[in-house]
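Pasting my_file_26.txt here (compact mmCIF, C-alpha atoms):
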# COMPACT_ATOMS: atom_id res chain seq x y z
CA LEU A 1 10.76 -14.36 5.07
CA PRO A 2 13.71 -13.96 2.77
CA VAL A 3 13.42 -10.48 1.28
CA LYS A 4 15.37 -9.40 -1.77
CA PHE A 5 15.75 -5.84 -2.94
CA ALA A 6 16.15 -4.62 -6.49
CA VAL A 7 18.11 -1.45 -7.11
CA GLY A 8 16.95 1.07 -9.66
CA ASP A 9 14.74 4.07 -10.22
CA ALA A 10 11.14 3.10 -9.51
CA THR A 11 9.91 6.05 -11.59
CA ARG A 12 11.53 4.58 -14.71
CA GLU A 13 9.55 1.74 -16.24
CA GLY A 14 12.64 0.30 -17.98
CA ASP A 15 14.55 0.08 -14.68
CA VAL A 16 11.67 -1.71 -12.97
CA ILE A 17 11.12 -4.14 -15.86
CA ALA A 18 14.85 -4.99 -15.93
CA ALA A 19 14.98 -5.48 -12.15
CA VAL A 20 11.90 -7.71 -12.05
CA ARG A 21 13.02 -9.80 -15.03
CA ALA A 22 16.43 -10.31 -13.42
CA ARG A 23 14.94 -11.43 -10.11
CA ARG A 24 12.00 -13.60 -11.16
CA ASP A 25 10.22 -13.12 -7.84
CA ASP A 26 6.64 -14.23 -7.21
CA VAL A 27 5.53 -11.19 -5.19
CA ALA A 28 6.32 -7.49 -5.50
CA VAL A 29 5.47 -5.13 -2.65
CA ASN A 30 5.03 -1.45 -3.43
CA ALA A 31 5.59 0.32 -0.12
CA LEU A 32 7.14 3.40 -1.67
CA GLY A 33 6.80 6.82 -0.14
CA LYS A 34 7.71 10.03 -1.87
CA ARG A 35 10.03 12.75 -0.68
CA ALA A 36 8.46 16.10 0.12
CA SER A 37 10.14 17.55 -2.97
CA GLU A 38 8.58 15.00 -5.33
CA PRO A 39 5.20 15.58 -6.96
CA ALA A 40 2.18 13.53 -5.87
CA ALA A 41 2.20 11.95 -9.33
CA PHE A 42 5.09 9.86 -7.96
CA TYR A 43 2.52 7.31 -6.76
CA GLU A 44 0.88 6.98 -10.18
CA THR A 45 4.22 6.86 -12.00
CA THR A 46 5.80 4.25 -9.77
CA GLN A 47 2.72 2.01 -9.73
CA ARG A 48 2.58 2.07 -13.55
CA ALA A 49 6.25 1.07 -13.65
CA ILE A 50 5.78 -1.69 -11.07
CA THR A 51 2.71 -2.99 -12.90
CA ALA A 52 4.66 -3.08 -16.17
CA GLY A 53 7.52 -4.85 -14.41
CA ALA A 54 5.15 -7.37 -12.85
CA LYS A 55 3.62 -8.18 -16.24
CA ALA A 56 7.00 -8.47 -17.94
CA GLY A 57 8.55 -10.54 -15.15
CA GLY A 58 5.72 -12.95 -14.41
CA VAL A 59 5.07 -11.67 -10.90
CA ARG A 60 2.15 -13.59 -9.39
CA GLN A 61 1.01 -10.83 -7.01
CA VAL A 62 1.58 -7.14 -6.43
CA ILE A 63 0.85 -5.89 -2.92
CA LEU A 64 0.30 -2.14 -2.83
CA HIS A 65 0.51 -0.24 0.44
CA SER A 66 -1.90 2.65 0.03
CA SER A 67 -3.71 5.07 2.30
CA VAL A 68 -7.13 5.45 3.82
CA GLY A 69 -8.62 8.34 1.89
CA ALA A 70 -8.10 6.69 -1.50
CA GLY A 71 -10.94 4.94 -3.32
CA ASP A 72 -14.10 4.11 -1.40
CA SER A 73 -12.48 5.16 1.85
CA ARG A 74 -12.55 8.85 0.91
CA ALA A 75 -15.82 9.20 2.83
CA ILE A 76 -14.16 8.44 6.18
CA TYR A 77 -11.09 10.62 5.72
CA PRO A 78 -11.11 13.61 8.10
CA GLU A 79 -12.38 16.69 6.26
CA SER A 80 -10.05 18.88 8.30
CA ARG A 81 -7.01 17.09 6.80
CA TRP A 82 -8.32 16.68 3.24
CA PRO A 83 -7.06 20.03 1.83
CA MET A 84 -3.50 19.23 2.91
CA MET A 85 -3.60 15.59 1.67
CA ALA A 86 -5.96 15.75 -1.34
CA GLU A 87 -3.26 15.72 -4.00
CA VAL A 88 -1.42 12.74 -2.51
CA LEU A 89 -4.58 10.72 -1.79
CA THR A 90 -5.93 11.40 -5.28
CA ALA A 91 -2.64 10.15 -6.74
CA LYS A 92 -2.81 7.04 -4.55
CA ASP A 93 -6.36 6.46 -5.78
CA VAL A 94 -5.12 6.59 -9.38
CA ALA A 95 -2.32 4.15 -8.48
CA GLU A 96 -4.86 1.75 -6.96
CA ARG A 97 -7.07 1.92 -10.05
CA GLU A 98 -4.01 1.38 -12.28
CA LEU A 99 -3.18 -1.82 -10.41
CA ILE A 100 -6.77 -3.07 -10.26
CA GLY A 101 -7.30 -2.53 -13.98
CA SER A 102 -3.97 -4.05 -15.01
CA GLY A 103 -4.94 -7.69 -14.87
CA VAL A 104 -2.05 -8.41 -12.49
CA PRO A 105 -3.14 -10.30 -9.36
CA TYR A 106 -3.15 -7.72 -6.59
CA THR A 107 -3.77 -6.94 -2.96
CA ILE A 108 -4.18 -3.40 -1.65
CA ILE A 109 -3.52 -2.71 2.02
CA ARG A 110 -4.45 0.78 3.19
CA ASN A 111 -3.52 2.34 6.48
CA ALA A 112 -4.70 5.59 8.01
CA VAL A 113 -2.02 6.13 10.65
CA LEU A 114 1.31 4.27 10.64
CA ARG A 115 3.18 4.20 13.95
CA ASN A 116 6.52 2.94 15.17
CA ASP A 117 6.21 0.04 17.58
CA ALA A 118 6.05 0.99 21.25
CA PRO A 119 8.70 -0.78 23.35
CA GLY A 120 7.33 -3.85 25.10
CA THR A 121 4.07 -3.91 23.15
CA THR A 122 2.94 -6.84 21.05
CA GLU A 123 1.11 -5.78 17.91
CA ARG A 124 -2.39 -7.11 17.21
CA ALA A 125 -2.90 -5.77 13.71
CA GLU A 126 -5.68 -7.13 11.57
CA LEU A 127 -7.02 -6.68 8.07
CA THR A 128 -10.60 -5.71 7.39
CA THR A 129 -12.52 -5.23 4.17
CA ASP A 130 -14.71 -2.66 5.94
CA GLN A 131 -13.89 0.53 4.02
CA ARG A 132 -15.29 2.56 6.94
CA ARG A 133 -12.60 1.43 9.42
CA PHE A 134 -10.18 4.21 10.29
CA GLY A 135 -7.39 3.16 12.58
CA ALA A 136 -3.72 3.04 13.32
CA VAL A 137 -1.28 0.20 12.76
CA THR A 138 2.37 -0.35 13.68
CA ARG A 139 5.14 -0.93 11.18
CA SER A 140 5.67 -4.48 12.46
CA GLY A 141 1.94 -5.18 12.26
CA LEU A 142 1.76 -3.93 8.69
CA GLY A 143 4.82 -6.02 7.84
CA ARG A 144 3.31 -9.16 9.30
CA LEU A 145 -0.01 -8.61 7.50
CA THR A 146 1.83 -8.05 4.23
CA ALA A 147 3.80 -11.28 4.64
CA GLU A 148 0.63 -13.20 5.45
CA CYS A 149 -1.02 -11.92 2.27
CA ALA A 150 1.87 -12.96 0.02
CA LEU A 151 0.38 -15.47 -2.45
CA SER A 152 -2.62 -16.05 -0.19
CA SER A 153 -5.82 -16.73 -2.10
CA ASN A 154 -7.66 -15.03 0.78
CA CYS A 155 -6.00 -11.73 -0.14
CA LEU A 156 -5.95 -11.78 -3.94
CA GLY A 157 -8.12 -9.19 -5.66
CA ARG A 158 -9.05 -7.50 -2.39
CA ILE A 159 -8.68 -4.13 -0.70
CA PHE A 160 -8.06 -4.10 3.03
CA HIS A 161 -7.64 -1.57 5.80
CA ALA A 162 -4.94 -2.44 8.34
CA VAL A 163 -5.83 -1.57 11.93
CA ASP A 164 -4.58 -2.44 15.37
CA PRO A 165 -7.21 -1.80 18.04
CA GLN A 166 -4.58 -1.16 20.72
CA VAL A 167 -2.77 1.59 18.79
CA PRO A 168 -4.20 5.03 19.54
CA VAL A 169 -5.52 7.19 16.72
CA PRO A 170 -5.04 10.96 16.94
CA ALA A 171 -8.20 13.04 17.25
CA ARG A 172 -9.79 13.56 13.87

Go ahead and render the structure in this file as structure tokens.
Amino acid sequence: LPVKFAVGDATREGDVIAAVRARRDDVAVNALGKRASEPAAFYETTQRAITAGAKAGGVRQVILHSSVGAGDSRAIYPESRWPMMAEVLTAKDVAERELIGSGVPYTIIRNAVLRNDAPGTTERAELTTDQRRFGAVTRSGLGRLTAECALSSNCLGRIFHAVDPQVPVPAR
């Protein structure tokens, strides 16, 4: 698919609104990750800015890449890892709720473990609405699933977990 990038500071609502208005794209994908030095609130702040930009620019769908451990999937997140990830996953939960409550058409795709593609392996990633599925997915699999959800009525207003049954998951 033809992908276009907008340049600006995703933590600044004005930058995002200006970028989205200038582009007039139908779909915005929020696949942002924060630097270790940034606070967990980065996820809330950037989603608010992207939501505002989507509203101002007439975006028809926002796809948010989130994490297993946010929302209803908290119950399946490994307790042993929760103390180290609680702040980030709580912020991602707030970002999800911001998007859901915004009125902007959305799709949320969560992943638990994101892996680089193994040489010579063909990905078999799939989306599930089962909030109890904990699995790994490759970057190419997540990319393909995201592209397939762009403006798809089957994906609008839904929360998915991305999993690839052939990608190993570390012991929980």

Pick out the residues sitting within 6 Å of region 35-52 of chain A, and hand them over as a list in words; count all atoms listed in the file, and ignore anything fewer than 6 positions along from it in its own chain.
Ala10, Thr11, Glu13, Val88, Ala91, Lys92 and Ala95 of chain A

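The coordinates place CA of Gly71 (chain A) at 5.4 Å from CA of Asp93 (chain A).
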
Pick from A:Leu142, A:Ile17, A:Ile109, A:Asp25 nearest to Ser73 (chain A), counting all atoms listed in the file:
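Using all atoms listed in the file, the shortest distance to Ser73 (chain A) belongs to A:Ile109.
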
Atomic distance CA of Val3 (chain A) - CA of Ser67 (chain A), expressed in Å with one decimal:
23.2 Å

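Straight-line separation from CA of Phe5 (chain A) to CA of Arg60 (chain A): 16.9 Å.
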
Point out the residue among A:Val94, A:Val167, A:Ala28, A:Leu145 with the least atom-to-atom distance to Glu126 (chain A), counting only C-alpha atoms.
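Using only C-alpha atoms, the shortest distance to Glu126 (chain A) belongs to A:Leu145.
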
So that I can see what lies close to Val27 (chain A), please list as a VMD selection string the residues with an atom at most 8 Å from it, counting only C-alpha atoms and leaving out residues fewer than 2 positions away in the same chain.
chain A and resid 25 29 59 to 63 150 to 151

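Considering only C-alpha atoms, the residue among A:Ala162, A:Gly141, A:Thr146, A:Asn154 positioned nearest to Leu127 (chain A) is A:Ala162.
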
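Closest approach to Gly58 (chain A) among A:Met84, A:Val16, A:Val104, A:Ala70 is made by A:Val104 (distances from all atoms listed in the file).
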
Which residue is closest to Arg21 (chain A)? Choose from A:Lys4, A:Gly57, A:Val68, A:Glu79 and count all atoms listed in the file.
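Looking at the shortest contact to Arg21 (chain A), the residue is A:Gly57.
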
Check the smallest atom-to-atom distance from each of A:Glu148, A:Asp164, A:Asp117, A:Asp15 to Phe134 (chain A) using all atoms listed in the file, then report the winner.
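Using all atoms listed in the file, the shortest distance to Phe134 (chain A) belongs to A:Asp164.
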